[in-house]
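Source file: upload-v4.pdb. Holds: PDB, C-alpha atoms.
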```pdb
MODEL        1
ATOM      1  CA  MET A  11     -15.629  39.667  -8.578
ATOM      2  CA  ARG A  12     -16.907  40.768  -5.199
ATOM      3  CA  VAL A  13     -15.646  38.191  -2.696
ATOM      4  CA  LEU A  14     -16.483  37.971   1.010
ATOM      5  CA  VAL A  15     -14.077  35.972   3.166
ATOM      6  CA  ALA A  16     -15.391  34.815   6.543
ATOM      7  CA  GLY A  17     -12.508  33.913   8.821
ATOM      8  CA  ALA A  18     -10.336  36.396   6.979
ATOM      9  CA  THR A  19      -7.754  36.909   9.726
ATOM     10  CA  GLY A  20      -6.962  33.238  10.349
ATOM     11  CA  ALA A  21      -3.871  31.463   9.060
ATOM     12  CA  ILE A  22      -5.279  30.784   5.616
ATOM     13  CA  GLY A  23      -7.216  34.055   5.428
ATOM     14  CA  ARG A  24      -4.004  36.048   5.869
ATOM     15  CA  GLU A  25      -2.547  34.183   2.892
ATOM     16  CA  LEU A  26      -5.717  34.326   0.803
ATOM     17  CA  LEU A  27      -6.720  37.997   1.056
ATOM     18  CA  PRO A  28      -3.587  39.423  -0.623
ATOM     19  CA  ARG A  29      -3.885  36.847  -3.404
ATOM     20  CA  LEU A  30      -7.509  37.720  -4.081
ATOM     21  CA  ILE A  31      -6.684  41.427  -4.148
ATOM     22  CA  GLU A  32      -3.667  40.929  -6.412
ATOM     23  CA  ALA A  33      -5.904  38.936  -8.782
ATOM     24  CA  GLY A  34      -8.163  41.976  -9.108
ATOM     25  CA  HIS A  35     -11.098  40.967  -6.935
ATOM     26  CA  GLU A  36     -12.991  43.359  -4.673
ATOM     27  CA  VAL A  37     -12.497  41.742  -1.270
ATOM     28  CA  PHE A  38     -14.560  42.043   1.897
ATOM     29  CA  ALA A  39     -13.439  40.505   5.188
ATOM     30  CA  MET A  40     -16.004  39.390   7.765
ATOM     31  CA  VAL A  41     -14.466  40.038  11.193
ATOM     32  CA  ARG A  42     -15.719  40.177  14.769
ATOM     33  CA  GLY A  43     -14.236  43.405  16.132
ATOM     34  CA  GLU A  44     -11.815  46.302  15.919
ATOM     35  CA  SER A  45      -8.599  44.273  15.830
ATOM     36  CA  GLY A  46      -9.937  42.234  12.919
ATOM     37  CA  MET A  47     -11.049  45.404  11.160
ATOM     38  CA  SER A  48      -7.568  46.878  11.448
ATOM     39  CA  GLU A  49      -5.902  43.725  10.153
ATOM     40  CA  ALA A  50      -8.314  43.379   7.234
ATOM     41  CA  THR A  51      -7.812  47.016   6.273
ATOM     42  CA  ARG A  52      -4.047  46.594   6.469
ATOM     43  CA  MET A  53      -4.265  43.692   4.032
ATOM     44  CA  GLY A  54      -6.320  45.783   1.614
ATOM     45  CA  ALA A  55      -9.796  44.334   2.223
ATOM     46  CA  GLU A  56     -12.936  46.159   3.311
ATOM     47  CA  PRO A  57     -14.049  44.888   6.727
ATOM     48  CA  VAL A  58     -17.640  44.029   7.595
ATOM     49  CA  VAL A  59     -18.402  43.185  11.219
ATOM     50  CA  ALA A  60     -20.402  40.158  12.358
ATOM     51  CA  ASP A  61     -20.373  37.323  14.862
ATOM     52  CA  ALA A  62     -20.770  34.215  12.704
ATOM     53  CA  LEU A  63     -23.108  32.685  15.305
ATOM     54  CA  ASP A  64     -25.493  35.651  15.194
ATOM     55  CA  ARG A  65     -27.712  35.207  12.134
ATOM     56  CA  ALA A  66     -28.953  38.781  12.058
ATOM     57  CA  GLN A  67     -25.412  40.159  12.148
ATOM     58  CA  VAL A  68     -24.294  37.761   9.421
ATOM     59  CA  GLU A  69     -27.224  38.719   7.195
ATOM     60  CA  ALA A  70     -26.449  42.416   7.659
ATOM     61  CA  ALA A  71     -22.760  41.910   6.851
ATOM     62  CA  VAL A  72     -23.501  39.880   3.731
ATOM     63  CA  ARG A  73     -26.063  42.434   2.540
ATOM     64  CA  GLN A  74     -23.480  45.181   3.040
ATOM     65  CA  ALA A  75     -20.839  43.325   1.013
ATOM     66  CA  ALA A  76     -23.269  41.981  -1.621
ATOM     67  CA  PRO A  77     -20.713  39.392  -2.752
ATOM     68  CA  GLU A  78     -20.805  37.138  -5.786
ATOM     69  CA  VAL A  79     -18.649  34.610  -3.919
ATOM     70  CA  ILE A  80     -18.409  33.725  -0.231
ATOM     71  CA  VAL A  81     -15.358  31.913   1.141
ATOM     72  CA  HIS A  82     -16.066  30.276   4.508
ATOM     73  CA  GLN A  83     -12.810  29.806   6.451
ATOM     74  CA  LEU A  84     -14.264  30.042   9.960
ATOM     75  CA  THR A  85     -12.492  27.968  12.621
ATOM     76  CA  ALA A  86     -11.457  28.438  16.248
ATOM     77  CA  ILE A  87      -8.734  25.820  16.635
ATOM     78  CA  GLY A  88      -5.925  26.600  19.010
ATOM     79  CA  HIS A  89      -3.662  24.015  20.598
ATOM     80  CA  VAL A  90      -4.976  20.532  19.787
ATOM     81  CA  ASP A  91      -5.285  18.585  23.038
ATOM     82  CA  THR A  92      -5.664  15.004  21.839
ATOM     83  CA  ARG A  93      -6.688  13.851  25.311
ATOM     84  CA  HIS A  94      -9.696  16.172  25.078
ATOM     85  CA  PHE A  95     -10.138  16.254  21.329
ATOM     86  CA  GLU A  96     -13.844  17.043  21.431
ATOM     87  CA  ARG A  97     -13.168  20.047  23.691
ATOM     88  CA  THR A  98     -10.503  21.361  21.311
ATOM     89  CA  PHE A  99     -12.954  21.342  18.397
ATOM     90  CA  ALA A 100     -16.146  22.371  20.213
ATOM     91  CA  ALA A 101     -16.081  26.032  19.118
ATOM     92  CA  THR A 102     -15.119  25.083  15.563
ATOM     93  CA  ASP A 103     -17.934  22.522  15.459
ATOM     94  CA  ARG A 104     -20.415  25.336  16.136
ATOM     95  CA  LEU A 105     -18.881  27.465  13.396
ATOM     96  CA  ARG A 106     -19.141  24.531  10.994
ATOM     97  CA  THR A 107     -22.785  23.921  11.844
ATOM     98  CA  GLU A 108     -24.514  27.100  13.051
ATOM     99  CA  GLY A 109     -22.027  29.402  11.337
ATOM    100  CA  THR A 110     -22.370  27.571   8.029
ATOM    101  CA  ASP A 111     -26.165  27.659   8.220
ATOM    102  CA  ASN A 112     -26.099  31.398   8.960
ATOM    103  CA  LEU A 113     -23.770  32.141   6.056
ATOM    104  CA  LEU A 114     -25.789  30.009   3.644
ATOM    105  CA  ALA A 115     -29.051  31.702   4.635
ATOM    106  CA  ALA A 116     -27.511  35.128   4.110
ATOM    107  CA  ALA A 117     -25.887  34.033   0.845
ATOM    108  CA  ARG A 118     -29.194  32.811  -0.532
ATOM    109  CA  ALA A 119     -30.899  36.075   0.348
ATOM    110  CA  VAL A 120     -28.465  38.118  -1.775
ATOM    111  CA  GLY A 121     -27.997  35.594  -4.587
ATOM    112  CA  VAL A 122     -24.390  34.477  -4.018
ATOM    113  CA  ARG A 123     -23.425  32.354  -7.008
ATOM    114  CA  ARG A 124     -20.467  30.467  -5.545
ATOM    115  CA  PHE A 125     -19.879  29.300  -1.973
ATOM    116  CA  VAL A 126     -16.418  27.925  -1.099
ATOM    117  CA  VAL A 127     -15.948  26.264   2.273
ATOM    118  CA  GLN A 128     -13.076  24.915   4.364
ATOM    119  CA  SER A 129     -13.385  21.249   5.251
ATOM    120  CA  ASN A 130     -10.865  18.739   6.556
ATOM    121  CA  GLY A 131      -9.191  15.955   4.612
ATOM    122  CA  ALA A 132      -6.447  15.329   7.147
ATOM    123  CA  PHE A 133      -8.274  13.607  10.010
ATOM    124  CA  THR A 134     -11.674  12.618   8.645
ATOM    125  CA  TYR A 135     -11.561   9.780   6.125
ATOM    126  CA  ASP A 136     -12.769   6.273   6.901
ATOM    127  CA  ARG A 137      -9.974   4.326   8.606
ATOM    128  CA  THR A 138     -10.434   1.189   6.505
ATOM    129  CA  GLY A 139      -9.117   0.111   3.117
ATOM    130  CA  GLY A 140      -6.108   1.582   1.354
ATOM    131  CA  PRO A 141      -3.763   4.233   2.749
ATOM    132  CA  VAL A 142      -4.782   7.067   0.383
ATOM    133  CA  LYS A 143      -8.343   8.245  -0.213
ATOM    134  CA  SER A 144     -10.085  10.163  -3.004
ATOM    135  CA  GLU A 145     -13.024  12.534  -2.726
ATOM    136  CA  ASP A 146     -15.380   9.628  -3.511
ATOM    137  CA  ASP A 147     -14.382   7.795  -0.334
ATOM    138  CA  PRO A 148     -16.586   8.278   2.759
ATOM    139  CA  LEU A 149     -15.776  10.185   5.887
ATOM    140  CA  ASP A 150     -15.187   8.058   8.969
ATOM    141  CA  ARG A 151     -18.356   6.026   9.511
ATOM    142  CA  SER A 152     -17.316   4.697  12.924
ATOM    143  CA  PRO A 153     -15.337   7.470  14.612
ATOM    144  CA  ILE A 154     -14.088   7.053  18.144
ATOM    145  CA  ALA A 155     -16.137   8.899  20.771
ATOM    146  CA  GLN A 156     -13.710  11.818  21.105
ATOM    147  CA  MET A 157     -13.825  12.519  17.353
ATOM    148  CA  THR A 158     -17.554  11.951  16.747
ATOM    149  CA  SER A 159     -18.651  15.570  17.127
ATOM    150  CA  MET A 160     -15.877  16.860  14.844
ATOM    151  CA  ILE A 161     -16.702  14.340  12.106
ATOM    152  CA  ALA A 162     -20.424  15.101  12.472
ATOM    153  CA  ALA A 163     -19.809  18.845  12.132
ATOM    154  CA  ILE A 164     -17.741  18.261   8.980
ATOM    155  CA  GLY A 165     -20.518  16.083   7.595
ATOM    156  CA  HIS A 166     -23.111  18.774   8.321
ATOM    157  CA  LEU A 167     -21.011  21.475   6.694
ATOM    158  CA  GLU A 168     -20.335  19.481   3.532
ATOM    159  CA  LYS A 169     -23.919  18.316   3.070
ATOM    160  CA  ALA A 170     -25.358  21.790   3.636
ATOM    161  CA  VAL A 171     -23.051  23.355   1.040
ATOM    162  CA  LEU A 172     -23.359  20.611  -1.567
ATOM    163  CA  ASP A 173     -27.151  20.412  -1.193
ATOM    164  CA  ALA A 174     -27.581  24.158  -1.795
ATOM    165  CA  ASP A 175     -28.808  23.909  -5.392
ATOM    166  CA  TRP A 176     -29.187  27.689  -5.710
ATOM    167  CA  THR A 177     -25.420  28.258  -5.584
ATOM    168  CA  GLU A 178     -22.258  26.503  -6.722
ATOM    169  CA  GLY A 179     -21.075  24.772  -3.565
ATOM    170  CA  ILE A 180     -17.368  23.921  -3.381
ATOM    171  CA  VAL A 181     -15.867  21.944  -0.496
ATOM    172  CA  LEU A 182     -12.097  22.080   0.028
ATOM    173  CA  ARG A 183     -10.760  19.252   2.184
ATOM    174  CA  TYR A 184      -7.439  20.683   3.301
ATOM    175  CA  GLY A 185      -4.631  18.496   4.564
ATOM    176  CA  ALA A 186      -2.717  19.222   7.757
ATOM    177  CA  PHE A 187      -1.502  22.818   7.520
ATOM    178  CA  TYR A 188       2.111  23.797   8.022
ATOM    179  CA  GLY A 189       3.926  27.060   7.449
ATOM    180  CA  PRO A 190       3.532  30.607   8.804
ATOM    181  CA  GLY A 191       0.750  31.086  11.315
ATOM    182  CA  THR A 192       0.052  27.366  11.735
ATOM    183  CA  SER A 193       0.757  24.871  14.507
ATOM    184  CA  MET A 194       3.681  23.554  12.449
ATOM    185  CA  ALA A 195       5.969  26.552  12.106
ATOM    186  CA  PRO A 196       9.281  27.647  13.671
ATOM    187  CA  GLY A 197       8.755  28.380  17.357
ATOM    188  CA  SER A 198       5.407  26.592  17.497
ATOM    189  CA  GLU A 199       4.541  24.373  20.432
ATOM    190  CA  GLN A 200       4.435  21.313  18.190
ATOM    191  CA  PHE A 201       7.915  21.934  16.781
ATOM    192  CA  GLU A 202       9.269  22.502  20.268
ATOM    193  CA  MET A 203       7.775  19.235  21.492
ATOM    194  CA  ILE A 204       9.486  17.400  18.632
ATOM    195  CA  ARG A 205      12.737  19.235  19.285
ATOM    196  CA  LYS A 206      12.626  18.256  22.980
ATOM    197  CA  ARG A 207      11.747  14.643  22.146
ATOM    198  CA  ARG A 208       8.310  14.903  23.723
ATOM    199  CA  PHE A 209       6.430  13.823  20.566
ATOM    200  CA  PRO A 210       6.836  10.037  20.385
ATOM    201  CA  ILE A 211       5.804   7.613  17.672
ATOM    202  CA  VAL A 212       2.907   5.550  18.992
ATOM    203  CA  GLY A 213       2.635   1.901  18.028
ATOM    204  CA  ASP A 214       3.749   1.259  14.466
ATOM    205  CA  GLY A 215       3.311   4.927  13.487
ATOM    206  CA  GLY A 216       1.273   3.697  10.531
ATOM    207  CA  GLY A 217      -1.202   6.593  10.426
ATOM    208  CA  VAL A 218      -0.863   8.287   7.014
ATOM    209  CA  TRP A 219      -0.862  12.078   7.020
ATOM    210  CA  SER A 220      -1.454  14.389   4.071
ATOM    211  CA  PHE A 221       0.039  17.846   4.494
ATOM    212  CA  VAL A 222      -0.352  21.130   2.643
ATOM    213  CA  HIS A 223       1.672  24.320   2.977
ATOM    214  CA  ILE A 224      -0.585  27.193   4.008
ATOM    215  CA  ALA A 225       0.454  29.197   0.923
ATOM    216  CA  ASP A 226      -0.458  26.298  -1.359
ATOM    217  CA  ALA A 227      -3.820  26.000   0.392
ATOM    218  CA  ALA A 228      -4.455  29.684  -0.314
ATOM    219  CA  GLU A 229      -3.516  29.253  -3.984
ATOM    220  CA  ALA A 230      -5.937  26.337  -4.280
ATOM    221  CA  THR A 231      -8.669  28.422  -2.680
ATOM    222  CA  LEU A 232      -8.063  31.215  -5.184
ATOM    223  CA  ALA A 233      -8.330  28.652  -7.986
ATOM    224  CA  ALA A 234     -11.638  27.416  -6.532
ATOM    225  CA  VAL A 235     -12.993  30.973  -6.294
ATOM    226  CA  GLU A 236     -12.154  31.641  -9.925
ATOM    227  CA  ASN A 237     -12.515  28.262 -11.650
ATOM    228  CA  GLY A 238     -14.096  25.740  -9.310
ATOM    229  CA  GLY A 239     -17.138  23.626 -10.082
ATOM    230  CA  ARG A 240     -19.602  22.145  -7.635
ATOM    231  CA  GLY A 241     -18.075  19.329  -5.617
ATOM    232  CA  VAL A 242     -15.377  18.235  -3.205
ATOM    233  CA  TYR A 243     -11.621  18.666  -3.666
ATOM    234  CA  ASN A 244      -8.737  17.325  -1.590
ATOM    235  CA  ILE A 245      -6.209  20.127  -1.129
ATOM    236  CA  VAL A 246      -3.085  18.233  -0.124
ATOM    237  CA  ASP A 247       0.464  17.801  -1.362
ATOM    238  CA  ASP A 248       1.746  14.943  -3.540
ATOM    239  CA  ASP A 249       3.375  13.009  -0.721
ATOM    240  CA  PRO A 250       1.133  11.327   1.869
ATOM    241  CA  ALA A 251       3.376   9.747   4.486
ATOM    242  CA  PRO A 252       3.040   7.620   7.617
ATOM    243  CA  VAL A 253       3.973   9.092  10.975
ATOM    244  CA  SER A 254       6.849   6.609  11.203
ATOM    245  CA  GLN A 255       8.377   8.370   8.189
ATOM    246  CA  TRP A 256       7.608  12.067   8.493
ATOM    247  CA  LEU A 257       8.133  12.471  12.245
ATOM    248  CA  PRO A 258      11.753  11.205  12.344
ATOM    249  CA  GLU A 259      12.586  13.258   9.244
ATOM    250  CA  LEU A 260      11.126  16.401  10.770
ATOM    251  CA  ALA A 261      13.015  15.746  14.006
ATOM    252  CA  ALA A 262      16.243  15.534  12.004
ATOM    253  CA  MET A 263      15.434  18.838  10.275
ATOM    254  CA  LEU A 264      14.996  20.417  13.701
ATOM    255  CA  GLY A 265      18.308  19.012  14.915
ATOM    256  CA  ALA A 266      16.587  16.728  17.402
ATOM    257  CA  ARG A 267      17.233  13.116  18.247
ATOM    258  CA  LYS A 268      14.984  10.447  16.774
ATOM    259  CA  PRO A 269      11.547  10.377  18.423
ATOM    260  CA  MET A 270      10.957   7.743  21.056
ATOM    261  CA  ARG A 271       8.635   4.865  20.291
ATOM    262  CA  VAL A 272       5.952   3.845  22.755
ATOM    263  CA  PRO A 273       3.318   1.086  22.608
ATOM    264  CA  ARG A 274      -0.301   1.953  21.955
ATOM    265  CA  PHE A 275      -1.366   1.574  25.585
ATOM    266  CA  VAL A 276       1.258   4.102  26.710
ATOM    267  CA  GLY A 277       0.231   6.450  23.904
ATOM    268  CA  ARG A 278      -3.380   6.130  25.025
ATOM    269  CA  LEU A 279      -2.469   7.131  28.573
ATOM    270  CA  ALA A 280      -0.424  10.130  27.410
ATOM    271  CA  ALA A 281      -2.380  11.354  24.382
ATOM    272  CA  GLY A 282      -5.797   9.758  24.674
ATOM    273  CA  GLU A 283      -7.562   7.547  22.162
ATOM    274  CA  ALA A 284      -7.607  10.346  19.581
ATOM    275  CA  GLY A 285      -3.839  10.636  19.779
ATOM    276  CA  VAL A 286      -3.493   6.919  19.096
ATOM    277  CA  VAL A 287      -5.816   7.181  16.075
ATOM    278  CA  LEU A 288      -3.845  10.108  14.641
ATOM    279  CA  MET A 289      -0.613   8.156  15.029
ATOM    280  CA  THR A 290      -1.710   4.728  13.849
ATOM    281  CA  GLU A 291      -4.933   4.715  11.818
ATOM    282  CA  LEU A 292      -5.302   7.871   9.693
ATOM    283  CA  ARG A 293      -5.637   7.643   5.929
ATOM    284  CA  GLY A 294      -4.058  10.113   3.547
ATOM    285  CA  ALA A 295      -5.660  11.835   0.558
ATOM    286  CA  SER A 296      -5.061  12.179  -3.177
ATOM    287  CA  ASN A 297      -4.897  15.595  -4.879
ATOM    288  CA  ALA A 298      -5.436  14.259  -8.426
ATOM    289  CA  LYS A 299      -8.899  15.818  -8.789
ATOM    290  CA  ALA A 300      -7.789  19.270  -7.636
ATOM    291  CA  LYS A 301      -4.878  19.189 -10.085
ATOM    292  CA  ARG A 302      -7.109  18.037 -12.914
ATOM    293  CA  GLU A 303     -10.159  20.235 -12.366
ATOM    294  CA  LEU A 304      -8.797  23.338 -10.614
ATOM    295  CA  GLY A 305      -5.512  23.483 -12.512
ATOM    296  CA  TRP A 306      -3.768  23.731  -9.161
ATOM    297  CA  HIS A 307      -0.314  22.320  -8.475
ATOM    298  CA  PRO A 308       1.301  22.824  -5.062
ATOM    299  CA  ALA A 309       4.501  24.855  -5.078
ATOM    300  CA  HIS A 310       5.607  22.545  -2.248
ATOM    301  CA  PRO A 311       4.850  19.099  -3.722
ATOM    302  CA  SER A 312       6.228  17.372  -0.640
ATOM    303  CA  TRP A 313       6.233  18.245   3.032
ATOM    304  CA  ARG A 314       9.964  17.466   2.892
ATOM    305  CA  GLN A 315      10.850  20.549   0.850
ATOM    306  CA  GLY A 316       8.309  22.767   2.559
ATOM    307  CA  LEU A 317       9.289  21.871   6.110
ATOM    308  CA  GLN A 318      13.004  21.956   5.319
ATOM    309  CA  ALA A 319      12.621  25.499   3.972
ATOM    310  CA  GLY A 320      10.680  26.498   7.093
ATOM    311  CA  THR A 321      13.155  25.052   9.570
TER     312      THR A 321
ENDMDL
END
```
Transcribe the structure of this file into structure tokens.
Amino acid sequence: MRVLVAGATGAIGRELLPRLIEAGHEVFAMVRGESGMSEATRMGAEPVVADALDRAQVEAAVRQAAPEVIVHQLTAIGHVDTRHFERTFAATDRLRTEGTDNLLAAARAVGVRRFVVQSNGAFTYDRTGGPVKSEDDPLDRSPIAQMTSMIAAIGHLEKAVLDADWTEGIVLRYGAFYGPGTSMAPGSEQFEMIRKRRFPIVGDGGGVWSFVHIADAAEATLAAVENGGRGVYNIVDDDPAPVSQWLPELAAMLGARKPMRVPRFVGRLAAGEAGVVLMTELRGASNAKAKRELGWHPAHPSWRQGLQAGT
């Protein structure tokens, strides 16, 4: 198939492009400039140039590629500053709203039959009820102020794709990425903070995280491109875990002392309200539907094996 990947040079795009090419697909990479063109060409894809926020450029790029499938992996997330969470996600929010609308308009014009999009299943589920959520559970209906715009952008993205009845819309709610090119990799700022004991457990550390290795996320995306049906899929590993469990284990893997524990009010001063939510209130996600319907099984079924291999 002819597949266009938007966000092709990001962490997951760099894992996905070679897999698509190896599977025999004709792959086009939507990039913004010369450096992206060079990287896409190096990976074996044909680059098409467009700024995702410029509708005319997006339409021209999609017409040039004439894809059967579009994979939307556009984000602009760097270091996550939990004290200014909304600022961290502001550029990504625009890509998930304006960028999604631009891609969908262009896709409709050329008759794209399948539209696969990156969503978030790590930080977005309703913070009530049980510790592990399925795709039928709602996104956070009462987010804190700092997370409102991010949740709203995710909601816009998912609704726009699923409501597009002219194409097969597939939403992939990825867990927290780790592995090469992510914020949880050897030498990353996050690992160094844990190593230097600057990443404490806040409160009871009861927030449940669902992780996914970046390579497993790419494999799931390939499965969605080839076999997915309309709907939402959690792309996470088999082992959702509270912060109070995974953070001390990761510290041990890194040869660090156990993380400090601080009360919620101290955590709020240091990491903001969003940091407290991430540490104490998150809900994890189940991958049962993705296994059942996509035939996908993570090569790293637990963050334990994946992180141990990476450290």
Report task. Take atom CA of Val276 of chain A and atom CA of Asn130 of chain A and report the distance between them in Å, one decimal. Result -> 27.7 Å
Requested in this report: Starting from the shown file, work through the PyMOL selection byres ((chain A and resi 104) around 10) and note down what comes out as JSON, numbers by chain.
Outcome: {"A": [62, 63, 84, 85, 86, 99, 100, 101, 102, 103, 105, 106, 107, 108, 109, 110, 159, 160, 163]}
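The coordinates place atom CA of Pro250 of chain A at 13.9 Å from atom CA of Tyr188 of chain A.
Restricting the calculation to all atoms listed in the file, the smallest distance between Val127 of chain A and any of A:Ala71, A:Val90, A:Leu149, A:Leu232 is found for A:Leu232.
Distance-wise, atom CA of Ala115 of chain A and atom CA of Glu69 of chain A end up 7.7 Å apart.
Non-sequential neighbours of Glu178 of chain A (distance at most 8 Å, separation of 2 or more positions within a chain, all atoms listed in the file) are Arg123, Arg124, Phe125, Leu172, Ala174, Asp175, Trp176, Ile180, Gly239 and Arg240 of chain A.
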Go through segment 58-81 of chain A residue by residue and, counting only C-alpha atoms, keep those with an atom at most 7 Å from segment 28-47 of chain A; for each kept residue give the shortest atom pair and its distance in Å to one decimal, ordered by chain and increasing number, as JSON lines.
```
{"residue": "A:Val58", "atom": "CA", "partner": "A:Met40", "partner_atom": "CA", "distance": 4.9}
{"residue": "A:Val59", "atom": "CA", "partner": "A:Val41", "partner_atom": "CA", "distance": 5.0}
{"residue": "A:Ala60", "atom": "CA", "partner": "A:Arg42", "partner_atom": "CA", "distance": 5.3}
{"residue": "A:Asp61", "atom": "CA", "partner": "A:Arg42", "partner_atom": "CA", "distance": 5.5}
{"residue": "A:Ala75", "atom": "CA", "partner": "A:Phe38", "partner_atom": "CA", "distance": 6.5}
```
I need the residues from that last selection saved to file as a compact mmCIF listing (two decimals), in the coordinates of the input (with C-alpha atoms), if you can.
```
# COMPACT_ATOMS: atom_id res chain seq x y z
CA VAL A 58 -17.64 44.03 7.60
CA VAL A 59 -18.40 43.18 11.22
CA ALA A 60 -20.40 40.16 12.36
CA ASP A 61 -20.37 37.32 14.86
CA ALA A 75 -20.84 43.32 1.01
```
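The residue that comes closest to Pro141 of chain A, out of A:Gly316, A:Gly285, A:Gly121, A:Pro252 and on the basis of only C-alpha atoms, is A:Pro252.
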Using 6 Å as the limit and counting all atoms listed in the file, can you tabulate each residue of segment 74-157 of chain A that touches segment 295-310 of chain A, with its shortest atom-to-atom distance in Å and the two atoms involved, as a Markdown table?
```
| residue | atom | partner | partner_atom | distance |
| --- | --- | --- | --- | --- |
| A:Val142 | CA | A:Ala295 | CA | 4.9 |
| A:Lys143 | CA | A:Ala295 | CA | 4.5 |
| A:Ser144 | CA | A:Ser296 | CA | 5.4 |
```
Query raised in the report: If the PyMOL selection byres ((chain A and resi 212) around 7) is run on the structure shown, which residues does it catch, given as number ranges by chain?
Result: A: 210-211, 213-215, 271-274, 277, 286, 289-290
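Between Ile204 of chain A and the candidates A:Asp248, A:Glu259, A:Glu96, A:Glu49, the tightest atom-to-atom separation, counting all atoms listed in the file, involves A:Glu259.
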Requested in this report: Could you tell me which residues the PyMOL selection byres ((chain A and resi 24) around 10) returns for this structure, as a PyMOL selection string?
Outcome: chain A and resi 17-23+25-29+49-50+53+190-191+224-225+228
What are the centre and edge lengths in Å, to one decimal, of the axis-aligned box around all listed atoms of segment 248-257 of chain A with 8 Å added on each side, as lines of an AutoDock Vina configuration file?
```
center_x = 4.8
center_y = 10.8
center_z = 4.4
size_x = 23.2
size_y = 24.3
size_z = 31.8
```
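Proximity to Glu168 of chain A at 8 Å, evaluated using all atoms listed in the file and with sequence-adjacent residues fewer than 3 positions away removed, yields Ser129, Ile164, Gly165, Val171, Leu172 and Val181 of chain A.
Checking A:Lys206, A:Gln156, A:Asp226, A:Met194 one by one against Thr98 of chain A, counting all atoms listed in the file, you find the shortest gap at A:Gln156.
In terms of minimum interatomic distance to Thr138 of chain A, A:Ser152 ranks closest within A:Gln74, A:Ser152, A:Thr92, A:Thr192, counting all atoms listed in the file.
Closest to Arg207 of chain A among A:Arg267, A:Arg118, A:Arg183, A:Arg12 is A:Arg267, based on all atoms listed in the file.
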Requested in this report: Enumerate, as a PyMOL selection string, the protein, DNA and RNA residues whose atoms approach (-8.1, 23.2, 1.3) to within 8 Å, taking into account all atoms listed in the file and the coordinate frame of the file.
Outcome: chain A and resi 128-130+182-185+227-228+230-231+243-246
